[in-house]
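Enquirer: What follows is the file my_file10.txt, containing compact mmCIF, C-alpha atoms and all ligand atoms:
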```
# COMPACT_ATOMS: atom_id res chain seq x y z
CA MET A 396 41.01 173.15 42.36
CA SER A 397 38.73 176.04 43.18
CA ASN A 398 38.31 175.52 46.87
CA VAL A 399 41.83 175.12 48.13
CA ILE A 400 41.80 175.25 51.91
CA ALA A 401 44.79 177.05 53.35
CA GLN A 402 44.20 176.20 57.00
CA PRO A 403 43.26 172.65 57.92
CA ILE A 404 39.83 172.47 59.54
CA ASN A 405 39.79 171.22 63.11
CA LEU A 406 37.06 168.58 63.10
CA TYR A 407 36.57 168.94 66.89
CA ASP A 408 35.42 172.53 66.26
CA LEU A 409 32.51 171.39 64.10
CA SER A 410 28.99 170.60 65.25
CA ARG A 411 27.34 167.55 63.69
CA PRO A 412 25.32 169.75 61.26
CA ARG A 413 28.44 171.72 60.26
CA LEU A 414 30.30 168.47 59.58
CA GLY A 415 27.40 167.43 57.35
CA GLN A 416 27.65 170.72 55.46
CA LEU A 417 31.39 170.38 55.01
CA LEU A 418 31.07 166.89 53.58
CA ALA A 419 28.15 167.97 51.40
CA ALA A 420 30.38 170.68 49.95
CA TRP A 421 32.86 167.92 49.10
CA GLY A 422 30.10 165.90 47.45
CA HIS A 423 29.47 163.33 50.18
CA SER A 424 26.10 162.43 51.65
CA ASP A 425 25.13 162.85 55.28
CA TYR A 426 25.59 159.10 55.74
CA HIS A 427 29.32 159.64 55.29
CA ALA A 428 29.29 162.56 57.74
CA GLY A 429 27.75 160.10 60.20
CA LEU A 430 30.63 157.68 59.66
CA VAL A 431 33.16 160.41 60.29
CA TRP A 432 31.30 161.56 63.41
CA SER A 433 31.21 158.09 64.88
CA GLY A 434 34.87 157.59 63.98
CA LEU A 435 35.69 160.72 65.96
CA TYR A 436 33.45 160.24 68.98
CA ARG A 437 32.62 156.53 69.17
CA ASP A 438 35.93 155.07 68.04
CA LEU A 439 37.89 158.05 69.42
CA ALA A 440 40.15 158.11 66.34
CA VAL A 441 43.52 159.73 67.01
CA ASP A 442 43.64 161.45 63.62
CA PRO A 443 41.22 161.96 60.71
CA GLU A 444 43.09 159.53 58.43
CA SER A 445 42.62 156.64 60.80
CA ILE A 446 38.82 156.72 60.68
CA ALA A 447 37.90 153.28 59.40
CA SER A 448 35.53 152.25 56.59
CA LEU A 449 35.52 155.53 54.66
CA ARG A 450 35.64 155.84 50.89
CA PRO A 451 39.26 156.39 49.83
CA ASP A 452 38.51 159.79 48.25
CA LEU A 453 36.93 161.00 51.49
CA GLN A 454 39.77 159.58 53.51
CA GLY A 455 42.25 161.44 51.28
CA ARG A 456 40.31 164.68 51.58
CA LEU A 457 40.21 164.41 55.37
CA ALA A 458 43.94 163.74 55.43
CA THR A 459 44.78 166.85 53.41
CA SER A 460 42.17 169.31 54.67
CA THR A 461 41.46 168.51 58.30
CA LEU A 462 43.02 167.75 61.64
CA ILE A 463 41.88 167.16 65.18
CA THR A 464 43.26 168.99 68.21
CA ASN A 465 46.24 167.15 69.46
CA LEU A 466 46.76 167.70 73.14
CA ALA A 467 50.25 166.48 73.84
CA MET A 468 50.50 165.01 77.29
CA ARG A 469 53.28 166.87 79.10
CA SER A 470 52.77 165.00 82.32
CA VAL A 471 50.37 162.81 84.18
CA ILE A 472 50.30 162.45 87.92
CA ASP A 473 48.23 160.23 90.20
CA SER A 474 47.13 161.05 93.72
CA ALA A 475 48.36 158.65 96.41
CA ASP A 476 44.81 157.36 97.08
CA GLY A 477 44.45 156.43 93.40
CA HIS A 478 41.20 158.39 93.04
CA THR A 479 42.53 161.29 91.01
CA ARG A 480 44.68 161.55 87.91
CA LYS A 481 45.80 164.94 86.65
CA PHE A 482 46.92 165.57 83.08
CA LEU A 483 49.01 168.53 81.99
CA LEU A 484 48.09 168.95 78.33
CA GLU A 485 49.86 171.12 75.81
CA LEU A 486 47.98 173.20 73.25
CA ALA A 487 49.17 173.89 69.71
CA ASP A 488 50.55 177.33 70.68
CA GLY A 489 52.63 175.92 73.54
CA GLN A 490 50.24 177.01 76.32
CA ALA A 491 49.14 174.29 78.71
CA ILE A 492 46.02 173.36 80.60
CA GLU A 493 45.12 170.87 83.28
CA THR A 494 42.39 168.27 82.99
CA VAL A 495 41.51 165.97 85.86
CA LEU A 496 39.99 162.50 86.00
CA MET A 497 38.35 161.69 89.32
CA TYR A 498 36.67 158.61 90.68
CA PHE A 499 33.80 159.19 93.09
CA ARG A 500 32.22 155.99 94.37
CA GLY A 501 33.41 154.18 91.28
CA ARG A 502 32.04 156.80 88.89
CA ALA A 503 34.55 158.43 86.60
CA THR A 504 34.23 162.19 86.25
CA ALA A 505 36.26 164.48 83.98
CA CYS A 506 37.03 167.95 85.26
CA ILE A 507 37.45 170.12 82.17
CA SER A 508 39.10 173.53 81.62
CA THR A 509 37.54 176.28 79.49
CA GLN A 510 40.33 178.89 79.54
CA VAL A 511 44.07 179.13 80.02
CA GLY A 512 44.10 180.98 83.34
CA CYS A 513 41.13 183.07 84.43
CA ALA A 514 40.27 186.76 84.41
CA MET A 515 38.04 186.67 87.50
CA GLY A 516 40.81 186.81 90.10
CA CYS A 517 39.23 184.95 93.03
CA ILE A 518 41.94 185.34 95.63
CA PHE A 519 41.98 181.74 96.91
CA CYS A 520 42.08 180.11 93.46
CA ALA A 521 45.36 179.10 91.79
CA THR A 522 43.88 179.66 88.32
CA GLY A 523 42.77 183.15 89.33
CA GLN A 524 46.21 183.81 90.76
CA MET A 525 47.85 183.08 87.38
CA GLY A 526 45.73 185.65 85.52
CA PHE A 527 44.05 185.31 82.14
CA ARG A 528 46.01 183.95 79.16
CA ARG A 529 43.35 183.09 76.60
CA HIS A 530 40.04 181.38 75.88
CA LEU A 531 40.05 177.77 74.76
CA THR A 532 38.42 176.96 71.43
CA ALA A 533 35.47 174.56 71.27
CA GLY A 534 37.83 172.00 69.75
CA GLU A 535 40.27 172.30 72.65
CA ILE A 536 37.46 171.76 75.15
CA VAL A 537 36.16 168.74 73.21
CA ALA A 538 39.71 167.38 72.95
CA GLN A 539 40.02 167.22 76.75
CA VAL A 540 36.84 165.16 76.98
CA VAL A 541 38.07 162.80 74.27
CA HIS A 542 41.43 162.54 76.02
CA VAL A 543 39.79 161.36 79.24
CA ALA A 544 37.40 159.06 77.37
CA ARG A 545 40.38 157.39 75.64
CA GLU A 546 42.17 157.01 78.93
CA LEU A 547 39.13 155.30 80.47
CA ARG A 548 38.55 153.10 77.45
CA ARG A 549 41.99 151.57 77.95
CA SER A 550 40.67 150.04 81.14
CA GLY A 551 37.30 149.12 79.69
CA GLN A 552 35.42 152.03 81.24
CA SER A 553 33.40 154.83 79.73
CA LEU A 554 33.03 158.47 80.60
CA ARG A 555 29.62 159.52 81.90
CA ASN A 556 30.23 162.60 84.05
CA ILE A 557 31.72 165.97 83.25
CA VAL A 558 32.20 168.98 85.47
CA LEU A 559 33.29 172.32 84.01
CA MET A 560 35.29 173.09 87.12
CA GLY A 561 38.80 173.10 85.73
CA MET A 562 40.73 176.21 84.77
CA GLY A 563 38.72 179.23 83.73
CA GLU A 564 35.24 180.70 83.87
CA PRO A 565 32.99 178.88 81.38
CA LEU A 566 30.44 181.70 81.07
CA HIS A 567 33.25 184.10 80.13
CA ASN A 568 33.86 181.81 77.15
CA TYR A 569 30.20 181.12 76.43
CA GLU A 570 30.14 180.32 72.72
CA ALA A 571 33.03 177.88 72.69
CA THR A 572 31.82 176.17 75.86
CA MET A 573 28.29 175.68 74.53
CA ALA A 574 29.55 174.46 71.16
CA ALA A 575 31.79 171.91 72.92
CA LEU A 576 28.93 170.73 75.14
CA GLU A 577 26.65 170.25 72.12
CA THR A 578 29.29 167.97 70.65
CA VAL A 579 29.91 165.89 73.76
CA MET A 580 26.17 165.49 74.40
CA ASP A 581 25.43 164.29 70.86
CA GLN A 582 23.72 160.91 71.04
CA ARG A 583 25.59 159.53 68.07
CA GLY A 584 28.96 160.23 69.63
CA LEU A 585 30.20 160.58 73.19
CA ALA A 586 26.55 160.80 74.30
CA ILE A 587 27.21 162.33 77.72
CA ALA A 588 23.78 162.93 79.25
CA PRO A 589 23.06 166.58 80.18
CA ARG A 590 22.13 165.60 83.74
CA PHE A 591 25.68 164.29 84.17
CA ILE A 592 27.24 167.58 83.07
CA THR A 593 27.69 170.39 85.60
CA LEU A 594 28.76 173.86 84.59
CA SER A 595 30.21 175.88 87.44
CA THR A 596 30.25 179.69 87.27
CA VAL A 597 31.53 182.42 89.53
CA GLY A 598 28.20 184.15 88.89
CA VAL A 599 28.36 185.82 85.49
CA VAL A 600 24.79 187.14 85.50
CA PRO A 601 24.35 187.74 81.74
CA GLY A 602 25.61 184.19 81.13
CA ILE A 603 23.12 182.67 83.59
CA ARG A 604 20.31 184.67 81.93
CA ARG A 605 21.42 183.35 78.56
CA LEU A 606 21.51 179.74 79.79
CA THR A 607 17.93 180.24 80.96
CA GLN A 608 16.74 181.84 77.72
CA GLU A 609 18.37 179.15 75.62
CA ARG A 610 17.07 176.45 77.97
CA ARG A 611 20.48 174.78 78.13
CA PRO A 612 20.00 171.29 79.55
CA MET A 613 23.05 170.76 81.78
CA ARG A 614 23.19 171.35 85.52
CA LEU A 615 24.30 174.66 86.98
CA ALA A 616 26.54 175.36 89.95
CA VAL A 617 27.15 178.90 91.21
CA SER A 618 30.17 179.76 93.36
CA LEU A 619 29.09 182.05 96.20
CA HIS A 620 31.62 181.93 99.09
CA GLY A 621 29.99 184.95 100.72
CA ALA A 622 26.36 185.82 101.47
CA THR A 623 26.70 189.61 101.56
CA ASN A 624 28.17 191.75 98.78
CA GLU A 625 30.83 193.05 101.11
CA GLU A 626 32.07 189.66 102.28
CA ARG A 627 31.77 188.09 98.88
CA SER A 628 33.72 190.77 97.05
CA ARG A 629 36.65 190.32 99.44
CA LEU A 630 37.11 186.81 98.00
CA VAL A 631 35.49 187.04 94.58
CA PRO A 632 36.20 190.34 92.76
CA PRO A 633 33.41 189.90 90.13
CA ALA A 634 30.94 190.17 93.04
CA SER A 635 31.10 193.95 92.71
CA ARG A 636 30.23 193.77 89.02
CA TRP A 637 27.31 191.40 89.54
CA PRO A 638 25.93 192.02 93.03
CA LEU A 639 24.05 189.31 94.92
CA GLU A 640 20.63 190.90 94.32
CA GLN A 641 21.14 190.50 90.56
CA LEU A 642 22.78 187.11 90.87
CA ILE A 643 20.08 185.57 93.05
CA ALA A 644 17.34 187.08 90.84
CA ALA A 645 18.95 185.42 87.81
CA CYS A 646 19.22 182.12 89.74
CA ARG A 647 15.57 182.33 90.81
CA ASP A 648 14.57 182.88 87.23
CA TYR A 649 16.68 179.91 86.15
CA THR A 650 15.16 177.47 88.66
CA GLU A 651 11.60 178.67 88.01
CA THR A 652 11.83 178.76 84.22
CA LEU A 653 13.66 175.46 83.84
CA GLY A 654 12.28 173.69 86.92
CA ARG A 655 15.78 172.71 87.87
CA ARG A 656 17.74 172.86 91.11
CA ILE A 657 20.88 175.00 91.37
CA PHE A 658 24.01 173.95 93.25
CA PHE A 659 25.78 176.65 95.22
CA GLU A 660 29.45 176.24 96.03
CA TRP A 661 31.07 177.62 99.11
CA ALA A 662 34.79 177.19 99.86
CA LEU A 663 34.91 176.92 103.64
CA ILE A 664 37.79 179.02 104.94
CA ASP A 665 38.70 178.72 108.60
CA GLY A 666 37.77 181.82 110.57
CA SER A 667 36.73 183.68 107.41
CA ASN A 668 33.42 182.42 106.07
CA ASP A 669 32.76 179.27 108.12
CA GLY A 670 31.00 180.86 111.11
CA PRO A 671 27.36 180.62 112.22
CA GLU A 672 26.56 184.21 111.14
CA GLN A 673 27.65 183.42 107.58
CA ALA A 674 25.63 180.19 107.60
CA HIS A 675 22.52 182.12 108.72
CA ALA A 676 23.14 184.81 106.09
CA LEU A 677 23.44 182.10 103.42
CA GLY A 678 20.28 180.40 104.71
CA ARG A 679 18.35 183.67 104.42
CA LEU A 680 19.81 184.45 101.01
CA LEU A 681 18.82 181.12 99.49
CA HIS A 682 15.60 180.58 101.41
CA GLY A 683 12.80 179.41 99.14
CA LEU A 684 15.12 178.62 96.24
CA ASP A 685 15.43 175.10 94.86
CA ALA A 686 19.06 174.87 95.95
CA HIS A 687 21.72 172.47 97.18
CA VAL A 688 24.86 173.78 98.84
CA ASN A 689 28.25 172.15 98.19
CA LEU A 690 30.71 173.04 100.91
CA ILE A 691 34.36 172.67 99.87
CA PRO A 692 36.93 172.87 102.66
CA LEU A 693 39.53 175.26 101.23
CA ASN A 694 42.31 173.64 99.23
CA PRO A 695 45.76 175.15 99.63
CA THR A 696 47.23 177.41 96.93
CA THR A 697 50.52 179.29 97.01
CA GLY A 698 49.00 182.74 96.66
CA PHE A 699 46.56 182.56 99.59
CA ASP A 700 47.34 181.66 103.16
CA GLY A 701 43.82 180.79 104.39
CA ARG A 702 43.19 177.41 106.00
CA PRO A 703 40.37 174.92 105.43
CA ALA A 704 37.49 174.96 107.93
CA GLU A 705 37.71 172.32 110.66
CA PRO A 706 35.24 169.42 110.31
CA PRO A 707 33.14 170.50 113.36
CA ALA A 708 32.70 173.98 111.83
CA ALA A 709 31.58 172.41 108.57
CA LYS A 710 29.06 170.23 110.45
CA ALA A 711 27.68 173.21 112.37
CA PHE A 712 27.42 175.17 109.12
CA GLN A 713 25.40 172.35 107.58
CA ALA A 714 23.08 172.13 110.58
CA ILE A 715 22.24 175.83 110.30
CA LEU A 716 21.53 175.49 106.58
CA ALA A 717 19.27 172.52 107.30
CA GLY A 718 17.24 174.82 109.57
CA TYR A 719 16.43 176.88 106.47
CA GLY A 720 15.44 173.77 104.55
CA LEU A 721 18.67 173.82 102.58
CA PRO A 722 20.31 170.47 101.79
CA SER A 723 24.09 170.49 101.71
CA THR A 724 27.09 168.23 101.17
CA VAL A 725 30.66 168.62 102.32
CA ARG A 726 32.66 167.75 99.24
CA GLN A 727 35.20 164.99 99.66
CA ARG A 728 38.70 166.32 99.30
CA ARG A 729 40.39 164.69 96.36
CA GLY A 730 43.76 164.95 94.71
CA ILE A 731 45.11 167.56 97.13
CA ASP A 732 48.53 165.87 97.26
CA VAL A 733 48.96 166.40 93.51
CA ALA A 734 47.31 169.86 93.43
CA ALA A 735 44.35 168.54 91.46
CA GLY A 736 41.68 169.70 93.91
CA CYS A 737 39.16 172.48 93.28
CA GLY A 738 40.94 175.76 92.64
CA GLN A 739 44.41 174.23 92.57
CA LEU A 740 44.82 174.04 88.82
CA ALA A 741 47.43 176.30 87.30
CA THR A 742 50.21 175.99 84.80
CA LEU A 743 53.52 177.68 85.20
CA GLN A 744 55.03 178.90 81.99
CA PRO A 745 55.46 182.24 80.24
N1 LIG B 801 35.26 179.43 87.32
C1 LIG B 801 34.27 178.54 87.78
C2 LIG B 801 34.67 177.08 87.69
C3 LIG B 801 36.08 176.70 88.09
S1 LIG B 801 36.47 176.71 89.79
C4 LIG B 801 33.84 178.90 89.18
O1 LIG B 801 34.52 179.69 89.83
O2 LIG B 801 32.81 178.39 89.61
C5 LIG B 801 35.59 175.32 90.47
C6 LIG B 801 35.22 175.49 91.93
O3 LIG B 801 36.38 175.47 92.78
C7 LIG B 801 34.53 176.83 92.23
O4 LIG B 801 33.44 176.64 93.08
C8 LIG B 801 35.61 177.58 92.95
O5 LIG B 801 35.11 178.62 93.74
C9 LIG B 801 36.27 176.50 93.74
N2 LIG B 801 37.59 176.85 94.26
C10 LIG B 801 38.51 177.69 93.72
N3 LIG B 801 39.62 177.74 94.47
C11 LIG B 801 39.40 176.90 95.52
C12 LIG B 801 40.20 176.49 96.62
N4 LIG B 801 41.44 176.96 96.81
N5 LIG B 801 39.67 175.62 97.49
C13 LIG B 801 38.43 175.12 97.31
N6 LIG B 801 37.64 175.45 96.27
C14 LIG B 801 38.12 176.34 95.39
FE1 LIG B 802 38.25 181.85 87.85
FE2 LIG B 802 36.60 180.14 89.08
FE3 LIG B 802 39.14 180.43 89.90
FE4 LIG B 802 37.38 182.40 90.31
S1 LIG B 802 37.32 180.32 91.20
S2 LIG B 802 39.47 182.65 89.54
S3 LIG B 802 36.16 182.27 88.47
S4 LIG B 802 38.48 179.63 87.95
```
Take the structure in the file and give it back as structure tokens.
Expert:
Amino acid sequence: MSNVIAQPINLYDLSRPRLGQLLAAWGHSDYHAGLVWSGLYRDLAVDPESIASLRPDLQGRLATSTLITNLAMRSVIDSADGHTRKFLLELADGQAIETVLMYFRGRATACISTQVGCAMGCIFCATGQMGFRRHLTAGEIVAQVVHVARELRRSGQSLRNIVLMGMGEPLHNYEATMAALETVMDQRGLAIAPRFITLSTVGVVPGIRRLTQERRPMRLAVSLHGATNEERSRLVPPASRWPLEQLIAACRDYTETLGRRIFFEWALIDGSNDGPEQAHALGRLLHGLDAHVNLIPLNPTTGFDGRPAEPPAAKAFQAILAGYGLPSTVRQRRGIDVAAGCGQLATLQP
């Protein structure tokens, strides 16, 4: 054979057009690529050989030349309130990531990781505290979504919402993240609607500019936590690389070019960034922007001894924002007892 393939191809790494090209190179029409695609993302096949109704020669070729990312489940843990389930999933090289399934008002949402660890070093975030290990591949990001979709299917439910708020900074792993999102949005497969996908970034300005240029259809959330460069960089080190002037300019461009609202996230830390001055500074910073503020009372992590804001402080903060015409929500705390809340995801191994 002339085209012996040394390394099996991970089908989860391939876009729908690339899958078509691969099968064309093997002499199969695009109709067959469609069957494989729907086997992977409609039937959620656990391996390429088990995709039903394929020609035997194609089935044989898939068995010898391809694989799909197998994320071995190291552990699964449910929060006491039953609203959150956290999976510790093992990658082929032995590294591990966390993926979370949450239920908000009956809606299932998957919280997906894009990196093992994170290079951004936000001081209150468990992922930041563990440092950067590596980027995830597109296939590893897709595999998490499929994992959660399979889990839901067992109880007759389907996955409609995704937040890229797990481990890592998605805009630091731009290519793989976008490739994975293309796959999960594909109508002929998982068909997750772009308006039900939220990408959260610490504020990587070149990445936000690229999302705008490429007119990426999902929703955008930007983690602020401070409304002046000085206060923000105390909590979020990348703030000194991409100062607020640049960040807000990029956000303004995004909302105006795409006609889409931006969500701003703010971890409310007692006595640190939950006071009226900070609320006014945030109001002034975002004034006139099509914005919604998500306030997240700080979740505990081992490497940071701050405390969550008290509910009255959160209410007062919201009232000040409302004075600037800024809508806001205090995010429900979920999964804290099993360390599956925002910023609590980390894996301990070499
Ligand atoms: N890297 C991206 C996405 C992952 S973090 C980002 O930073 O946006 C998802 C959200 O959880 C971010 O808004 C982040 O600031 C927030 N977060 C991190 N640690 C937290 C903590 N200990 N308590 C509450 N929110 C936290
Ligand atoms: Fe990374 Fe986001 Fe955690 Fe900051 S908050 S360290 S960017 S995962």
Enquirer: Between A:Pro633, A:Gly534, A:Pro706, A:Pro612, which is the closest to ligand LIG 802 (chain B) once you count all atoms listed in the file?
Expert: A:Pro633
Enquirer: Let me make sure I understand: among A:Cys517, A:Leu430, A:Ile472, A:Ala709, which one has the smallest atom-to-atom distance to Arg629 in chain A if we use all atoms listed in the file?
Expert: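 The closest residue to Arg629 in chain A is A:Cys517.
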Enquirer: Show which residues sit within 8 Å of range 436-453 of chain A, as a list in words. Count only C-alpha atoms, and ignore same-chain residues fewer than 2 positions away.
Expert: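 Once the nearby chain positions are removed, what remains is His423, His427, Leu430, Val431, Trp432, Ser433, Gly434, Gly455, Arg456, Leu457, Ala458, Thr461, Leu462, Ile463, Val541, Arg545, Arg583, Gly584 and Leu585 of chain A.
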Enquirer: May I have the centre and edge lengths, in Å to one decimal, of an axis-aligned box around the listed atoms of ligand LIG 801 (chain B) with 6 Å added to every side, as JSON?
Expert:
```
{"center_x": 37.1, "center_y": 177.4, "center_z": 92.4, "size_x": 20.6, "size_y": 16.6, "size_z": 22.2}
```
Enquirer: Give one line per residue of chain A that approaches ligand LIG 802 (chain B) to at most 6 Å, naming the two atoms of the closest pair and their distance in Å to one decimal, counting all atoms listed in the file; sort by chain then ascending residue number and deliver it as JSON lines.
Expert:
```
{"residue": "A:Cys513", "atom": "CA", "partner": "B:LIG802", "partner_atom": "FE1", "distance": 4.6}
{"residue": "A:Met515", "atom": "CA", "partner": "B:LIG802", "partner_atom": "S2", "distance": 4.7}
{"residue": "A:Gly516", "atom": "CA", "partner": "B:LIG802", "partner_atom": "S2", "distance": 4.4}
{"residue": "A:Cys517", "atom": "CA", "partner": "B:LIG802", "partner_atom": "FE4", "distance": 4.2}
{"residue": "A:Cys520", "atom": "CA", "partner": "B:LIG802", "partner_atom": "FE3", "distance": 4.6}
{"residue": "A:Thr522", "atom": "CA", "partner": "B:LIG802", "partner_atom": "FE3", "distance": 5.1}
{"residue": "A:Gly523", "atom": "CA", "partner": "B:LIG802", "partner_atom": "S2", "distance": 3.3}
{"residue": "A:Met562", "atom": "CA", "partner": "B:LIG802", "partner_atom": "S4", "distance": 5.2}
{"residue": "A:Gly563", "atom": "CA", "partner": "B:LIG802", "partner_atom": "S4", "distance": 4.2}
{"residue": "A:Glu564", "atom": "CA", "partner": "B:LIG802", "partner_atom": "S3", "distance": 4.9}
{"residue": "A:Val597", "atom": "CA", "partner": "B:LIG802", "partner_atom": "S3", "distance": 4.8}
{"residue": "A:Gly738", "atom": "CA", "partner": "B:LIG802", "partner_atom": "FE3", "distance": 5.7}
```
Enquirer: Pick from A:Phe659, A:Phe519, A:Tyr426, A:Trp637: nearest to ligand LIG 801 (chain B), with all atoms listed in the file counted?
Expert: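 The answer is A:Phe519, which sits nearest to ligand LIG 801 (chain B).
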Enquirer: Name the closest residue to Thr652 in chain A among the candidates A:Arg411, A:Arg610, A:Arg728, A:His478; distances are taken between atoms, counting all atoms listed in the file.
Expert: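 Smallest distance to Thr652 in chain A is found for A:Arg610.
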Enquirer: Report the closest atom pair, with its distance in Å rounded to one decimal, for each residue of chain A that has an atom no farther than 9 Å from ligand LIG 801 (chain B); count all atoms listed in the file, sort by chain and then rising residue number, and write it as CSV.
Expert:
```
residue,atom,partner,partner_atom,distance
A:Ile507,CA,B:LIG801,C3,9.0
A:Ser508,CA,B:LIG801,C3,7.8
A:Thr509,CA,B:LIG801,C2,8.7
A:Cys513,CA,B:LIG801,N1,7.5
A:Met515,CA,B:LIG801,N1,7.8
A:Cys517,CA,B:LIG801,C10,7.3
A:Ile518,CA,B:LIG801,N3,8.0
A:Phe519,CA,B:LIG801,N4,4.8
A:Cys520,CA,B:LIG801,N3,3.6
A:Ala521,CA,B:LIG801,N3,6.5
A:Thr522,CA,B:LIG801,N3,7.7
A:Gly523,CA,B:LIG801,N3,8.1
A:Val558,CA,B:LIG801,C2,8.8
A:Leu559,CA,B:LIG801,C2,6.2
A:Met560,CA,B:LIG801,C3,3.8
A:Gly561,CA,B:LIG801,C3,5.1
A:Met562,CA,B:LIG801,C3,5.7
A:Gly563,CA,B:LIG801,N1,5.0
A:Glu564,CA,B:LIG801,N1,3.7
A:Pro565,CA,B:LIG801,N1,6.4
A:Leu566,CA,B:LIG801,N1,8.2
A:His567,CA,B:LIG801,N1,8.8
A:Leu594,CA,B:LIG801,C2,7.4
A:Ser595,CA,B:LIG801,O2,4.2
A:Thr596,CA,B:LIG801,O2,3.7
A:Val597,CA,B:LIG801,O1,4.1
A:Gly598,CA,B:LIG801,O2,7.4
A:Ala616,CA,B:LIG801,O2,7.0
A:Val617,CA,B:LIG801,O2,5.9
A:Ser618,CA,B:LIG801,O4,4.5
A:Leu619,CA,B:LIG801,O5,7.4
A:His620,CA,B:LIG801,O5,7.2
A:Val631,CA,B:LIG801,O5,8.5
A:Phe659,CA,B:LIG801,O4,8.0
A:Glu660,CA,B:LIG801,O4,5.0
A:Trp661,CA,B:LIG801,O4,6.6
A:Ala662,CA,B:LIG801,C13,4.9
A:Leu663,CA,B:LIG801,C13,7.5
A:Ile664,CA,B:LIG801,N5,8.4
A:Asn689,CA,B:LIG801,O4,8.6
A:Leu690,CA,B:LIG801,N6,8.7
A:Ile691,CA,B:LIG801,C13,5.4
A:Pro692,CA,B:LIG801,C13,6.0
A:Leu693,CA,B:LIG801,N5,3.8
A:Asn694,CA,B:LIG801,N5,3.7
A:Pro695,CA,B:LIG801,N4,5.5
A:Thr696,CA,B:LIG801,N4,5.8
A:Phe699,CA,B:LIG801,N4,8.1
A:Gly701,CA,B:LIG801,N4,8.8
A:Pro703,CA,B:LIG801,N5,8.0
A:Gly736,CA,B:LIG801,C13,7.2
A:Cys737,CA,B:LIG801,O3,4.1
A:Gly738,CA,B:LIG801,N3,3.0
A:Gln739,CA,B:LIG801,N4,5.9
A:Leu740,CA,B:LIG801,N3,8.5
```
Enquirer: Of the candidates A:Thr459, A:Thr650, A:Arg679, A:Met468, which shows the shortest atom-to-atom distance to Ala717 in chain A, using all atoms listed in the file?
Expert: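 Ranked by minimum distance to Ala717 in chain A, first place goes to A:Arg679.
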Enquirer: Given the choices A:Ala586, A:Ala487, A:Leu418, A:Gly477, which gets closest to Phe499 in chain A if the distance is worked out from all atoms listed in the file?
Expert: A:Gly477
Enquirer: What does the structure give for the distance between CA of Gln552 in chain A and CA of Glu577 in chain A, in Å to one decimal?
Expert: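 Separation between CA of Gln552 in chain A and CA of Glu577 in chain A: 22.2 Å.
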Enquirer: Interatomic distance between CA of Asp669 in chain A and CA of Leu642 in chain A?
Expert: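 About the pair CA of Asp669 in chain A and CA of Leu642 in chain A: they are 21.4 Å apart.
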Enquirer: Calculate how many Å separate CA of Arg549 in chain A from CA of Leu466 in chain A, rounding to one decimal.
Expert: 17.5 Å
Enquirer: Please list as a list in words every residue within 8 Å of Leu486 in chain A, counting all atoms listed in the file and excluding residues in the same chain fewer than 3 positions away.
Expert: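 Neighbouring residues, sequence-local ones excluded: Asn465, Leu466, Ala467, Gly489, Gln490, Ala491, Ile492 and Glu535 of chain A.
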Enquirer: I need every residue sitting at most 7 Å from the point (21.9, 189.3, 97.9) (coordinates as in the file, only C-alpha atoms considered), written as number ranges by chain.
Expert: A: 622-624, 638-640, 643, 680
Enquirer: Hey, what's within 6 Å of Ala686 in chain A if we count all atoms listed in the file and toss same-chain stuff fewer than 4 positions away? As number ranges by chain, please?
Expert: A: 656-658
Enquirer: If you count all atoms listed in the file, which residues fall within 10 Å of Arg555 in chain A, apart from same-chain ones fewer than 3 positions away, as a VMD selection string?
Expert: chain A and resid 502 to 505 544 552 585 to 592
Enquirer: With only C-alpha atoms as the counted atoms, please give the residues lying no more than 10 Å from Thr607 in chain A, apart from itself and same-chain residues fewer than 5 positions off, as a VMD selection string.
Expert: chain A and resid 601 to 602 612 645 to 646 648 to 653
Enquirer: Print the selection's residues with C-alpha atoms to a file, as a short mmCIF file (atom, residue, chain, number, x, y, z; two decimals), keeping the file's coordinate frame.
Expert:
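Saved file result_28.cif follows:
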```cif
data_model
loop_
_atom_site.label_atom_id
_atom_site.label_comp_id
_atom_site.auth_asym_id
_atom_site.auth_seq_id
_atom_site.Cartn_x
_atom_site.Cartn_y
_atom_site.Cartn_z
CA PRO A 601 24.35 187.74 81.74
CA GLY A 602 25.61 184.19 81.13
CA PRO A 612 20.00 171.29 79.55
CA ALA A 645 18.95 185.42 87.81
CA CYS A 646 19.22 182.12 89.74
CA ASP A 648 14.57 182.88 87.23
CA TYR A 649 16.68 179.91 86.15
CA THR A 650 15.16 177.47 88.66
CA GLU A 651 11.60 178.67 88.01
CA THR A 652 11.83 178.76 84.22
CA LEU A 653 13.66 175.46 83.84
#
```
